[in-house]
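Peer 1: So that you have it, the file is coords-v5.cif, and it contains mmCIF, C-alpha atoms:
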data_run
loop_
_atom_site.label_atom_id
_atom_site.label_comp_id
_atom_site.auth_asym_id
_atom_site.auth_seq_id
_atom_site.Cartn_x
_atom_site.Cartn_y
_atom_site.Cartn_z
CA MET A 37 71.62 102.21 -158.90
CA LYS A 38 68.73 100.10 -157.58
CA ILE A 39 69.78 97.74 -154.80
CA ILE A 40 67.83 95.31 -152.64
CA PHE A 41 69.06 94.08 -149.25
CA ILE A 42 67.47 90.79 -148.22
CA GLY A 43 67.96 88.68 -145.14
CA PRO A 44 66.25 87.71 -141.92
CA GLN A 45 65.21 90.24 -139.33
CA ALA A 46 68.10 91.65 -137.27
CA CYS A 47 70.81 90.61 -139.74
CA GLY A 48 71.93 94.21 -140.23
CA LYS A 49 70.13 95.10 -143.46
CA GLY A 50 69.08 98.51 -142.19
CA THR A 51 72.48 99.33 -140.73
CA GLN A 52 74.33 98.37 -143.90
CA ALA A 53 71.73 100.02 -146.15
CA LYS A 54 72.11 103.34 -144.30
CA ILE A 55 75.90 103.23 -144.63
CA LEU A 56 75.80 102.34 -148.34
CA SER A 57 73.05 104.83 -149.19
CA LYS A 58 75.17 107.67 -147.77
CA LYS A 59 78.26 106.46 -149.61
CA LEU A 60 76.37 106.19 -152.94
CA ASN A 61 74.17 109.24 -152.24
CA ILE A 62 70.96 107.34 -152.97
CA ALA A 63 67.76 106.90 -150.97
CA HIS A 64 67.47 104.25 -148.26
CA ILE A 65 63.91 102.96 -148.30
CA SER A 66 62.80 100.68 -145.49
CA THR A 67 59.29 99.28 -145.70
CA GLY A 68 59.29 99.06 -141.91
CA ASP A 69 60.03 102.79 -141.69
CA LEU A 70 57.33 103.48 -144.28
CA PHE A 71 54.79 101.52 -142.23
CA ARG A 72 55.80 103.28 -139.00
CA SER A 73 55.38 106.69 -140.68
CA LEU A 74 51.74 106.06 -141.60
CA ASP A 75 48.93 107.67 -139.64
CA GLY A 76 45.24 107.27 -138.95
CA GLU A 77 43.22 104.12 -139.58
CA LEU A 78 45.76 102.77 -142.07
CA LYS A 79 48.48 102.91 -139.40
CA GLN A 80 46.26 101.09 -136.90
CA GLU A 81 45.52 98.36 -139.45
CA VAL A 82 49.17 97.97 -140.42
CA ASP A 83 50.36 98.00 -136.78
CA ALA A 84 47.85 95.32 -135.78
CA THR A 85 49.06 93.09 -138.62
CA ILE A 86 52.78 93.62 -137.91
CA ASN A 87 52.48 93.19 -134.14
CA GLN A 88 51.05 89.70 -134.69
CA GLY A 89 54.12 88.81 -136.74
CA ASN A 90 52.22 88.87 -140.03
CA LEU A 91 53.14 90.62 -143.26
CA VAL A 92 51.19 93.65 -144.44
CA PRO A 93 49.13 92.55 -147.48
CA ASP A 94 51.26 92.59 -150.62
CA ALA A 95 49.00 94.91 -152.64
CA LEU A 96 49.01 97.53 -149.87
CA THR A 97 52.77 97.26 -149.37
CA VAL A 98 53.40 97.71 -153.11
CA LYS A 99 51.05 100.71 -153.26
CA ILE A 100 52.88 102.42 -150.37
CA LEU A 101 56.29 101.51 -151.83
CA LYS A 102 55.38 102.74 -155.32
CA GLU A 103 54.42 106.15 -153.89
CA ARG A 104 57.78 106.28 -152.08
CA LEU A 105 59.79 105.29 -155.17
CA ASN A 106 58.18 108.17 -157.07
CA GLN A 107 59.67 110.76 -154.70
CA SER A 108 62.51 112.88 -156.05
CA ASP A 109 65.25 111.50 -153.77
CA ALA A 110 64.80 108.04 -155.33
CA GLU A 111 65.29 109.25 -158.92
CA GLN A 112 69.04 108.54 -158.92
CA GLY A 113 68.59 105.17 -157.26
CA PHE A 114 67.72 103.57 -153.96
CA ILE A 115 68.35 100.74 -151.57
CA LEU A 116 65.30 98.72 -150.56
CA ASP A 117 65.50 97.31 -147.06
CA GLY A 118 62.84 94.81 -146.01
CA PHE A 119 61.19 94.31 -149.38
CA PRO A 120 60.50 91.96 -151.03
CA ARG A 121 59.83 89.40 -148.30
CA ASN A 122 58.23 86.68 -150.43
CA MET A 123 58.04 85.53 -154.05
CA ASN A 124 54.75 87.31 -154.74
CA GLN A 125 56.25 90.60 -153.53
CA ALA A 126 59.29 90.01 -155.75
CA LYS A 127 57.03 89.56 -158.77
CA LEU A 128 55.02 92.67 -157.86
CA LEU A 129 58.23 94.67 -157.42
CA GLU A 130 59.24 93.83 -160.98
CA THR A 131 56.05 95.54 -162.20
CA ILE A 132 57.18 98.88 -160.72
CA THR A 133 61.00 98.75 -160.93
CA GLN A 134 63.90 96.53 -161.90
CA PRO A 135 66.59 96.02 -159.25
CA GLU A 136 70.20 96.01 -160.47
CA LYS A 137 71.80 94.34 -157.45
CA ILE A 138 70.52 92.03 -154.72
CA ILE A 139 72.60 91.62 -151.58
CA GLU A 140 71.75 88.82 -149.15
CA ILE A 141 72.87 88.96 -145.54
CA THR A 142 72.54 85.78 -143.50
CA LEU A 143 72.10 85.21 -139.77
CA PRO A 144 71.15 82.12 -137.72
CA ASP A 145 67.58 82.23 -136.38
CA GLN A 146 68.67 81.96 -132.74
CA GLU A 147 70.88 85.03 -133.12
CA ALA A 148 68.05 86.97 -134.80
CA ILE A 149 65.74 86.08 -131.91
CA ARG A 150 68.38 87.13 -129.36
CA ARG A 151 69.05 90.45 -131.10
CA LEU A 152 65.40 91.36 -131.57
CA SER A 153 64.23 90.26 -128.14
CA GLY A 154 66.76 92.70 -126.66
CA ARG A 155 66.04 95.63 -128.97
CA LEU A 156 64.64 98.81 -127.41
CA ASN A 157 63.43 101.86 -129.34
CA CYS A 158 63.12 105.40 -128.03
CA LYS A 159 59.55 106.62 -128.36
CA SER A 160 60.77 110.21 -128.66
CA CYS A 161 63.86 110.37 -130.89
CA GLY A 162 63.86 106.88 -132.45
CA ALA A 163 67.28 105.86 -131.10
CA ILE A 164 67.84 102.11 -130.89
CA PHE A 165 69.45 100.29 -127.98
CA ASN A 166 69.84 96.62 -127.12
CA LYS A 167 69.62 95.11 -123.64
CA PHE A 168 72.48 92.72 -124.46
CA THR A 169 74.82 94.49 -126.88
CA ASN A 170 74.17 98.22 -126.46
CA PRO A 171 72.25 98.86 -123.24
CA PRO A 172 71.20 102.36 -122.22
CA LYS A 173 73.03 103.88 -119.26
CA GLN A 174 69.77 103.98 -117.32
CA GLU A 175 67.24 101.16 -117.73
CA ASN A 176 64.46 102.00 -120.22
CA ILE A 177 65.67 105.64 -120.57
CA CYS A 178 67.18 106.96 -123.80
CA ASP A 179 70.77 108.16 -123.46
CA ASN A 180 70.15 110.83 -126.12
CA CYS A 181 66.91 112.52 -125.09
CA GLN A 182 65.83 110.80 -121.84
CA GLY A 183 62.73 109.52 -123.64
CA GLU A 184 61.08 106.23 -122.77
CA LEU A 185 62.52 103.07 -124.32
CA ALA A 186 60.17 100.27 -125.31
CA GLN A 187 60.16 97.01 -127.19
CA ARG A 188 58.20 96.99 -130.45
CA GLY A 189 55.35 94.49 -130.60
CA ASP A 190 56.92 92.73 -133.56
CA ASP A 191 60.16 92.21 -131.59
CA LYS A 192 58.54 89.91 -129.03
CA GLU A 193 59.80 86.33 -129.30
CA ASP A 194 56.59 84.74 -130.66
CA ALA A 195 56.22 87.41 -133.34
CA VAL A 196 59.91 87.12 -134.27
CA LYS A 197 59.64 83.34 -134.67
CA LYS A 198 56.58 83.77 -136.90
CA ARG A 199 58.36 86.43 -138.98
CA LEU A 200 61.40 84.17 -139.38
CA THR A 201 59.20 81.27 -140.51
CA THR A 202 57.60 83.57 -143.09
CA TYR A 203 61.03 84.80 -144.19
CA HIS A 204 62.35 81.27 -144.74
#
Go through the file and emit its structure as structure tokens.

Peer 2:
Amino acid sequence: MKIIFIGPQACGKGTQAKILSKKLNIAHISTGDLFRSLDGELKQEVDATINQGNLVPDALTVKILKERLNQSDAEQGFILDGFPRNMNQAKLLETITQPEKIIEITLPDQEAIRRLSGRLNCKSCGAIFNKFTNPPKQENICDNCQGELAQRGDDKEDAVKKRLTTYH
């Protein structure tokens, strides 16, 4: 099964995609995770674009995604989380695969801004906390590994607002 989760940032796409991918035993593919796993000059270029609240160029995103879809764990199906984000990406996606289901999750912009502006990520183990809804026991320290917690550049309010405008 090939499923796409769409919706604004912080609506729960990733959370729901992880749950469903385990239940269906198919790959969960997040373009955000793909971008964060890059290295070298390409990572620096992608990070600079994302941290300003901009989308990674469509052709580059599709190239990275196509490579990921060709991995063995995606042969039986997958859930795409965070792609496509615009009509051009949707058209490009159809050139590499045909989704069977599209699930839209909605969330008011003000709630997305609140959720993202409070999100903290562990630099060591990747755990996610939220200042408002799931704070760490000790400020800016991961409960799991005692690593440093930090806000991603694309979770700052100005970047979030720009991302939401692009989404809409």

Peer 1: Go through the shown structure with the PyMOL selection byres ((chain A and resi 162-165) around 10) and write out the matching residues as JSON, numbers by chain.

Peer 2: {"A": [154, 155, 156, 157, 158, 159, 160, 161, 166, 167, 168, 169, 170, 171, 172, 176, 177, 178, 179, 180, 181, 183, 185, 186, 187]}

Peer 1: Just the residues within 8 Å of stretch 100-109 of chain A, please, counting all atoms listed in the file, with nothing from its chain fewer than 3 positions along; format it as a PyMOL selection string.

Peer 2: chain A and resi 62-63+65+67+70+96-97+112-113+132

Peer 1: Those residues with C-alpha atoms, as a compact mmCIF listing (two decimals), keeping the file's coordinate frame please?

Peer 2:
# COMPACT_ATOMS: atom_id res chain seq x y z
CA ILE A 62 70.96 107.34 -152.97
CA ALA A 63 67.76 106.90 -150.97
CA ILE A 65 63.91 102.96 -148.30
CA THR A 67 59.29 99.28 -145.70
CA LEU A 70 57.33 103.48 -144.28
CA LEU A 96 49.01 97.53 -149.87
CA THR A 97 52.77 97.26 -149.37
CA GLN A 112 69.04 108.54 -158.92
CA GLY A 113 68.59 105.17 -157.26
CA ILE A 132 57.18 98.88 -160.72

Peer 1: Atom CA of A:Asn87 to atom CA of A:Arg188: how many Å, to one decimal?

Peer 2: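 These atoms are spaced 7.8 Å apart.
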
Peer 1: Ranking A:Pro44, A:Pro144, A:Gly50, A:Gly189 by minimum distance to A:Gly89 and counting only C-alpha atoms, which one comes first?

Peer 2: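 The shortest atom-to-atom distance to A:Gly89 comes from A:Gly189.
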
Peer 1: With distances taken over all atoms listed in the file, which of A:Leu129, A:Ile86, A:Ala110, A:Ile138 is nearest to A:Lys198?

Peer 2: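 Closest to A:Lys198 of all the choices is A:Ile86.
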
Peer 1: Starting from the shown file, work through the PyMOL selection byres ((chain A and resi 194) around 12) and note down what comes out as a ChimeraX atom specification.

Peer 2: /A:87-90,149,152-153,189-193,195-201

Peer 1: Just to be explicit: take each residue in the selection above, keep C-alpha atoms, and write the result as a short mmCIF file (atom, residue, chain, number, x, y, z; two decimals), in the frame of the given file.

Peer 2:
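Contents of the output file out36.cif:
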data_model
loop_
_atom_site.label_atom_id
_atom_site.label_comp_id
_atom_site.auth_asym_id
_atom_site.auth_seq_id
_atom_site.Cartn_x
_atom_site.Cartn_y
_atom_site.Cartn_z
CA ASN A 87 52.48 93.19 -134.14
CA GLN A 88 51.05 89.70 -134.69
CA GLY A 89 54.12 88.81 -136.74
CA ASN A 90 52.22 88.87 -140.03
CA ILE A 149 65.74 86.08 -131.91
CA LEU A 152 65.40 91.36 -131.57
CA SER A 153 64.23 90.26 -128.14
CA GLY A 189 55.35 94.49 -130.60
CA ASP A 190 56.92 92.73 -133.56
CA ASP A 191 60.16 92.21 -131.59
CA LYS A 192 58.54 89.91 -129.03
CA GLU A 193 59.80 86.33 -129.30
CA ALA A 195 56.22 87.41 -133.34
CA VAL A 196 59.91 87.12 -134.27
CA LYS A 197 59.64 83.34 -134.67
CA LYS A 198 56.58 83.77 -136.90
CA ARG A 199 58.36 86.43 -138.98
CA LEU A 200 61.40 84.17 -139.38
CA THR A 201 59.20 81.27 -140.51
#

Peer 1: What does the distance from atom CA of A:Leu143 to atom CA of A:Gln45 come to in Å, to one decimal?

Peer 2: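 Calculated distance between atom CA of A:Leu143 and atom CA of A:Gln45 is 8.5 Å.
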
Peer 1: Which residue is closest to A:Ile42? Choose from A:His204, A:Thr133, A:Gly118, A:Arg150 and count only C-alpha atoms.

Peer 2: A:Gly118

Peer 1: Given the file shown, determine the residues that the PyMOL selection byres ((chain A and resi 140) around 8) selects; report them as a VMD selection string.

Peer 2: chain A and resid 41 to 43 138 to 139 141 to 142

Peer 1: Okay, now the selection with C-alpha atoms, as an mmCIF file, keeping the file's coordinate frame?

Peer 2:
data_model
loop_
_atom_site.group_PDB
_atom_site.id
_atom_site.type_symbol
_atom_site.label_atom_id
_atom_site.label_comp_id
_atom_site.auth_asym_id
_atom_site.auth_seq_id
_atom_site.Cartn_x
_atom_site.Cartn_y
_atom_site.Cartn_z
ATOM 1 C CA PHE A 41 69.060 94.080 -149.250
ATOM 2 C CA ILE A 42 67.470 90.790 -148.220
ATOM 3 C CA GLY A 43 67.960 88.680 -145.140
ATOM 4 C CA ILE A 138 70.520 92.030 -154.720
ATOM 5 C CA ILE A 139 72.600 91.620 -151.580
ATOM 6 C CA ILE A 141 72.870 88.960 -145.540
ATOM 7 C CA THR A 142 72.540 85.780 -143.500
#

Peer 1: Could you tell me how far atom CA of A:Ala53 lies from atom CA of A:Gln134, in Å and to one decimal?

Peer 2: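 Distance between the two atoms: 17.9 Å.
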
Peer 1: Around stretch 37-55 of chain A, fit a box with edges along x, y and z, padding it by 4 Å on each side, then list its centre and edge lengths in Å to one decimal as lines of an AutoDock Vina configuration file.

Peer 2:
center_x = 70.6
center_y = 95.5
center_z = -148.1
size_x = 18.7
size_y = 23.6
size_z = 29.6

Peer 1: For A:Val92, list every protein, DNA or RNA residue within 10 Å, evaluated using all atoms listed in the file, and leave out those in the same chain fewer than 6 positions away; present the list as a PyMOL selection string.

Peer 2: chain A and resi 67+71+81-86+98

Peer 1: Based on the selection just made, write C-alpha atoms of those residues as a CSV table (one decimal), keeping the file's coordinate frame.

Peer 2:
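Generated file (selection_32.csv):
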chain,number,residue,atom,x,y,z
A,67,THR,CA,59.3,99.3,-145.7
A,71,PHE,CA,54.8,101.5,-142.2
A,81,GLU,CA,45.5,98.4,-139.4
A,82,VAL,CA,49.2,98.0,-140.4
A,83,ASP,CA,50.4,98.0,-136.8
A,84,ALA,CA,47.8,95.3,-135.8
A,85,THR,CA,49.1,93.1,-138.6
A,86,ILE,CA,52.8,93.6,-137.9
A,98,VAL,CA,53.4,97.7,-153.1

Peer 1: Compare A:Leu91, A:Met123, A:Cys47, A:Ile115 by their minimum atom-to-atom distance to A:Glu136, counting all atoms listed in the file, and give me the closest one.

Peer 2: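 Result for the nearest residue to A:Glu136: A:Ile115.
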
Peer 1: Counting only C-alpha atoms, I want the residues whose atoms come within 7 Å of (53.8, 91.4, -155.8) in the file frame, returned as a PyMOL selection string.

Peer 2: chain A and resi 94-95+98+124-129

Peer 1: Limited to C-alpha atoms, could you put the picked residues into a file as a CSV table (one decimal), in the frame of the given file?

Peer 2:
chain,number,residue,atom,x,y,z
A,94,ASP,CA,51.3,92.6,-150.6
A,95,ALA,CA,49.0,94.9,-152.6
A,98,VAL,CA,53.4,97.7,-153.1
A,124,ASN,CA,54.8,87.3,-154.7
A,125,GLN,CA,56.2,90.6,-153.5
A,126,ALA,CA,59.3,90.0,-155.8
A,127,LYS,CA,57.0,89.6,-158.8
A,128,LEU,CA,55.0,92.7,-157.9
A,129,LEU,CA,58.2,94.7,-157.4

Peer 1: Which residues, written as a PyMOL selection string, have at least one atom at most 10 Å from A:Thr51, with all atoms listed in the file counted and residues fewer than 5 positions away on the same chain left out?

Peer 2: chain A and resi 46+56+117

Peer 1: Between A:Asp145, A:Asp69, A:Glu184, A:Asp75, which residue has the minimum interatomic distance to A:Leu116, considering only C-alpha atoms?

Peer 2: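 Closest to A:Leu116, using only C-alpha atoms: A:Asp69.
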